[in-house]
Amino acid sequence: MAQFDKPRENCGVVGVFSPSGEAVSKALLALISLQHRGQEGAGMVASNGTQLKLHKGLGLISSIFTSSVIPTLGQGIFALSHTRYSTAGTLDAVQPFINDGLALAHNGNLTNMNDLAEDLDLDGEILSDTWLALEYICRQEGAQWEEKFRQSIPKLRGAFSFVGLSKDKLYVIRDPWGFRPLVLGRLVDGGWIVASETSALHAVDATFVREVMPSEGLVIDKNGLSTFYFDHRGPLSRCIFEYIYIARPDSRIFGQEVHAIRKRCGKKLFEEAPVDADVVISIPHSGDSAARGYSEASGIPIEEGVFANRYVGRAFIEPLNRRKQTTHLKYGVISSDIVGKRICAIDDSIVRGDASSSFVRLLKEHGAKEVHIRVASPPLKFPCFYGVDFATKEELIANRHTSIPCIKDEIGADSLAYLSYEGLVQAVTNVAVKLNGQAENIFGSAGFCGACFTGKYPVPIETTIPKEDKLQILENYTILPPASL
Ligand code: SF4
């Protein structure tokens, strides 16, 4: 279900080569399995080997790619599809973009847009970082797209898992830091698929082959698959929040099953923050796997607790004065699980905190004796500049308060505890971790980005935010030195 008070901006991307001519249907099915990564717009470009055809729109994938639209894309042997969340909600920013015979879509966010725009001497409107990246690629010298990629990609900074399509070749590129997942699979007709998560491979009966590596490029065409590498290395900075909230629990990303990691987070959370409770419930549904882990470790029975209505839209885009109403629309309390009981409610994360307040209030109004909130990740204190839009820094509840007891008081819970940095990294790596006084380095040491928890950004933030905010960020946050090139 759509969540509220959760990260907003994120994307899913798919590329397909199907020699039997089923690229469009496969790219669509795969994209639907990535709908959780973005619900505000989607697009697809298909090619039969001679011509690119594009369709894109606003809304859910099923409302954009209707039975009358799909045939207009033809019997493609290549297809590229993309789904996104957009705060602006305009069609201008929906991907893919096409320029000079190359279609491009991406998952992530570039952090040096100003530099790229200056390099190109652009002073007109820049539709998005993807649009700018495509313009940058197109302006490079070279007769082949691969040459243009080789020249342009090392200039880009930030998070980017790109899929590009010319009329007869599919191109796949992952940034040097490996922020966003990108997996490669084999289709039964001998073709290939790349996608943000393995859930997309399962949707089309593809076999998982491997992850696309950081700094790796793939070229896929009728002659097969070839790889090339960019001479551009960054510290491995995989987004740890993919495991916490973004990816589907049935997906395997960064080499591990997401559900298993979330369960381990729940288990660690119990070890660090046990509570006397009668029942464990999940704050549906992103807390589901962690709640199971907490219940198994504690021996406290897990119950449904609340029924979540999957057909209510995103409450976080509702006006503030309708939040309470939306909470009641979204959740139905299962009285036999709640009345007179001490509830331990597990959430994956807390962003602004208003959803947590509403949830606690809902349980108490319906007769819960106590409500204890346990969060299966550390406090979110800093914004993300690598493709996930949580909220502004000022909106983050863990930034507004200096202590966890203050956050507990604001949300009205009887107790509140978060998973520690060590607990999260240990759950993800399955290896015991000690801080040794280097708390902010713990995620980087394990090959992950955890900047939204620590404020330690692995790639410098050069643009994408207003100048005043940028200056404030540079004053307040730790920016790691530029990656060695
Ligand atoms: Fe992921 Fe947080 Fe890093 Fe953004 S800042 S890439 S959400 S870990």
# chains A, B, ... in the order shown; residues from 1 in each chain; ligands from 1
$ residues_near_ligand --ligand "ligand 1" --cutoff "10 Å" --atoms "only C-alpha atoms and all ligand atoms" --output "ChimeraX atom specification"
/A:7,9-10,108-109,158-159,178-180,237-246,380-390,443,448-459
$ residues_around --residues "Ala446 of chain A" --least-positions-apart "3" --cutoff "12 Å" --atoms "only C-alpha atoms" --output "list in words"
Pro235, Leu236, Ser237, Arg238, Cys239, Ile240, Tyr421, Glu422, Leu424, Val425, Gln426, Ala427, Val428, Thr429, Asn430, Val431, Ala432, Val433, Lys434, Leu435, Glu440, Asn441, Ile442, Phe443, Cys449 and Gly450 of chain A
$ residues_around --residues "segment 247-250 of chain A" --least-positions-apart "6" --cutoff "7 Å" --atoms "only C-alpha atoms" --output "ChimeraX atom specification"
/A:199,257-259
$ write_last_selection --atoms "N, CA, C and O atoms" --output "PDB file, in the first residue's frame"
ATOM      1  N   SER A 199      12.402  -8.436  -8.121  1.00  0.00           N
ATOM      2  CA  SER A 199      10.950  -8.663  -8.236  1.00  0.00           C
ATOM      3  C   SER A 199      10.519  -8.508  -9.692  1.00  0.00           C
ATOM      4  O   SER A 199       9.592  -9.185 -10.151  1.00  0.00           O
ATOM      5  N   GLU A 257      18.399 -11.102   0.339  1.00  0.00           N
ATOM      6  CA  GLU A 257      16.942 -10.953   0.331  1.00  0.00           C
ATOM      7  C   GLU A 257      16.531  -9.857   1.306  1.00  0.00           C
ATOM      8  O   GLU A 257      16.954  -9.854   2.471  1.00  0.00           O
ATOM      9  N   VAL A 258      15.677  -8.979   0.843  1.00  0.00           N
ATOM     10  CA  VAL A 258      15.285  -7.818   1.650  1.00  0.00           C
ATOM     11  C   VAL A 258      14.508  -8.250   2.899  1.00  0.00           C
ATOM     12  O   VAL A 258      14.749  -7.750   4.006  1.00  0.00           O
ATOM     13  N   HIS A 259      13.592  -9.188   2.757  1.00  0.00           N
ATOM     14  CA  HIS A 259      12.791  -9.643   3.902  1.00  0.00           C
ATOM     15  C   HIS A 259      13.699 -10.191   5.012  1.00  0.00           C
ATOM     16  O   HIS A 259      13.483  -9.900   6.199  1.00  0.00           O
TER      17      HIS A 259
END
$ residues_around --residues "Val14 of chain A" --least-positions-apart "4" --cutoff "10 Å" --atoms "only C-alpha atoms" --output "PyMOL selection string"
chain A and resi 26-31+34+44+79-83+105-107+162-164+172+182-184+193-197+200-201
$ write_last_selection --atoms "N, CA, C and O atoms" --output "compact mmCIF listing (two decimals), in the first residue's frame"
# COMPACT_ATOMS: atom_id res chain seq x y z
N LYS A 26 6.93 -7.51 -21.70
CA LYS A 26 7.83 -7.86 -20.58
C LYS A 26 8.25 -6.59 -19.82
O LYS A 26 8.32 -6.59 -18.58
N ALA A 27 8.53 -5.53 -20.55
CA ALA A 27 8.91 -4.29 -19.86
C ALA A 27 7.76 -3.75 -19.04
O ALA A 27 7.97 -3.13 -17.99
N LEU A 28 6.54 -3.99 -19.49
CA LEU A 28 5.36 -3.53 -18.75
C LEU A 28 5.15 -4.37 -17.49
O LEU A 28 4.96 -3.83 -16.39
N LEU A 29 5.19 -5.69 -17.64
CA LEU A 29 5.00 -6.56 -16.47
C LEU A 29 6.08 -6.30 -15.42
O LEU A 29 5.80 -6.24 -14.21
N ALA A 30 7.30 -6.17 -15.90
CA ALA A 30 8.41 -5.92 -14.97
C ALA A 30 8.20 -4.58 -14.26
O ALA A 30 8.44 -4.47 -13.05
N LEU A 31 7.74 -3.59 -15.00
CA LEU A 31 7.55 -2.26 -14.41
C LEU A 31 6.46 -2.29 -13.34
O LEU A 31 6.58 -1.64 -12.30
N LEU A 34 7.53 -3.05 -10.10
CA LEU A 34 8.32 -1.98 -9.46
C LEU A 34 7.46 -0.76 -9.12
O LEU A 34 7.99 0.30 -8.80
N MET A 44 7.44 4.50 -21.36
CA MET A 44 8.12 3.41 -22.02
C MET A 44 8.53 3.84 -23.43
O MET A 44 7.80 4.57 -24.10
N ALA A 79 12.87 -2.65 -25.29
CA ALA A 79 11.99 -1.70 -24.59
C ALA A 79 12.68 -1.22 -23.33
O ALA A 79 13.49 -1.93 -22.72
N LEU A 80 12.35 0.00 -22.99
CA LEU A 80 12.89 0.66 -21.80
C LEU A 80 11.71 1.27 -21.07
O LEU A 80 10.91 2.00 -21.68
N SER A 81 11.52 0.96 -19.79
CA SER A 81 10.37 1.51 -19.06
C SER A 81 10.83 2.08 -17.72
O SER A 81 11.87 1.70 -17.19
N HIS A 82 10.00 2.97 -17.21
CA HIS A 82 10.40 3.73 -16.01
C HIS A 82 9.17 4.16 -15.24
O HIS A 82 8.16 4.53 -15.84
N THR A 83 9.24 4.09 -13.92
CA THR A 83 8.16 4.64 -13.09
C THR A 83 8.78 5.55 -12.05
O THR A 83 9.89 5.31 -11.58
N ALA A 105 16.51 6.73 -19.27
CA ALA A 105 15.78 6.83 -18.00
C ALA A 105 16.75 6.47 -16.90
O ALA A 105 17.72 5.75 -17.14
N HIS A 106 16.47 6.95 -15.71
CA HIS A 106 17.39 6.59 -14.63
C HIS A 106 16.73 6.59 -13.27
O HIS A 106 15.70 7.21 -13.05
N ASN A 107 17.37 5.86 -12.37
CA ASN A 107 16.99 5.82 -10.97
C ASN A 107 18.13 6.45 -10.19
O ASN A 107 19.27 5.98 -10.30
N PHE A 162 21.43 4.02 -14.95
CA PHE A 162 20.86 4.44 -16.24
C PHE A 162 20.49 3.23 -17.09
O PHE A 162 21.22 2.23 -17.13
N VAL A 163 19.39 3.36 -17.84
CA VAL A 163 19.13 2.46 -18.96
C VAL A 163 18.87 3.36 -20.17
O VAL A 163 18.06 4.28 -20.12
N GLY A 164 19.61 3.10 -21.25
CA GLY A 164 19.47 3.87 -22.48
C GLY A 164 19.07 2.94 -23.62
O GLY A 164 19.35 1.73 -23.58
N VAL A 172 23.25 0.02 -20.47
CA VAL A 172 22.99 -0.03 -19.04
C VAL A 172 24.24 0.47 -18.32
O VAL A 172 25.36 0.01 -18.61
N LEU A 182 20.70 -2.50 -9.32
CA LEU A 182 20.41 -2.76 -10.73
C LEU A 182 20.82 -4.20 -11.01
O LEU A 182 21.98 -4.56 -10.79
N VAL A 183 19.87 -5.01 -11.44
CA VAL A 183 20.14 -6.44 -11.61
C VAL A 183 19.94 -6.86 -13.06
O VAL A 183 19.17 -6.25 -13.80
N LEU A 184 20.65 -7.91 -13.42
CA LEU A 184 20.61 -8.44 -14.78
C LEU A 184 20.00 -9.84 -14.76
O LEU A 184 20.35 -10.66 -13.91
N ILE A 193 17.18 -8.94 -19.50
CA ILE A 193 16.42 -7.89 -18.83
C ILE A 193 17.29 -7.29 -17.75
O ILE A 193 18.05 -8.02 -17.08
N VAL A 194 17.24 -5.99 -17.60
CA VAL A 194 17.85 -5.32 -16.45
C VAL A 194 16.73 -4.58 -15.72
O VAL A 194 15.78 -4.10 -16.34
N ALA A 195 16.83 -4.53 -14.38
CA ALA A 195 15.76 -3.89 -13.61
C ALA A 195 16.31 -3.46 -12.26
O ALA A 195 17.34 -3.94 -11.80
N SER A 196 15.55 -2.57 -11.63
CA SER A 196 15.97 -2.05 -10.32
C SER A 196 15.97 -3.12 -9.25
O SER A 196 16.76 -3.04 -8.30
N GLU A 197 15.08 -4.10 -9.34
CA GLU A 197 15.00 -5.14 -8.31
C GLU A 197 14.71 -6.48 -8.96
O GLU A 197 14.13 -6.54 -10.06
N ALA A 200 11.19 -7.64 -10.43
CA ALA A 200 10.86 -7.43 -11.84
C ALA A 200 11.25 -8.64 -12.69
O ALA A 200 10.59 -8.96 -13.68
N LEU A 201 12.32 -9.31 -12.30
CA LEU A 201 12.73 -10.52 -13.04
C LEU A 201 11.70 -11.62 -12.84
O LEU A 201 11.33 -12.33 -13.79
$ residues_around --residues "Arg174 of chain A" --least-positions-apart "5" --cutoff "6 Å" --atoms "only C-alpha atoms" --output "list in words"
Ser161, Pro214, Ser215 and Glu216 of chain A
$ write_last_selection --atoms "all heavy atoms" --output "compact mmCIF listing (two decimals), in the first residue's frame"
# COMPACT_ATOMS: atom_id res chain seq x y z
N SER A 161 21.51 4.90 -11.87
CA SER A 161 21.41 3.62 -12.55
C SER A 161 20.65 3.91 -13.85
O SER A 161 19.43 4.09 -13.84
CB SER A 161 20.63 2.60 -11.71
OG SER A 161 21.43 2.13 -10.65
N PRO A 214 29.05 -1.52 -9.90
CA PRO A 214 29.36 -0.08 -9.94
C PRO A 214 30.44 0.20 -10.99
O PRO A 214 31.37 -0.59 -11.14
CB PRO A 214 29.88 0.20 -8.52
CG PRO A 214 29.24 -0.85 -7.67
CD PRO A 214 29.16 -2.08 -8.54
N SER A 215 30.29 1.29 -11.71
CA SER A 215 31.22 1.69 -12.80
C SER A 215 31.16 0.78 -14.02
O SER A 215 32.02 0.86 -14.87
CB SER A 215 32.68 1.74 -12.33
OG SER A 215 32.92 2.89 -11.58
N GLU A 216 30.15 -0.08 -14.08
CA GLU A 216 30.06 -0.99 -15.22
C GLU A 216 29.04 -0.48 -16.24
O GLU A 216 28.02 0.11 -15.88
CB GLU A 216 29.62 -2.39 -14.76
CG GLU A 216 29.59 -3.41 -15.90
CD GLU A 216 29.16 -4.80 -15.45
OE1 GLU A 216 28.63 -4.95 -14.33
OE2 GLU A 216 29.35 -5.74 -16.25
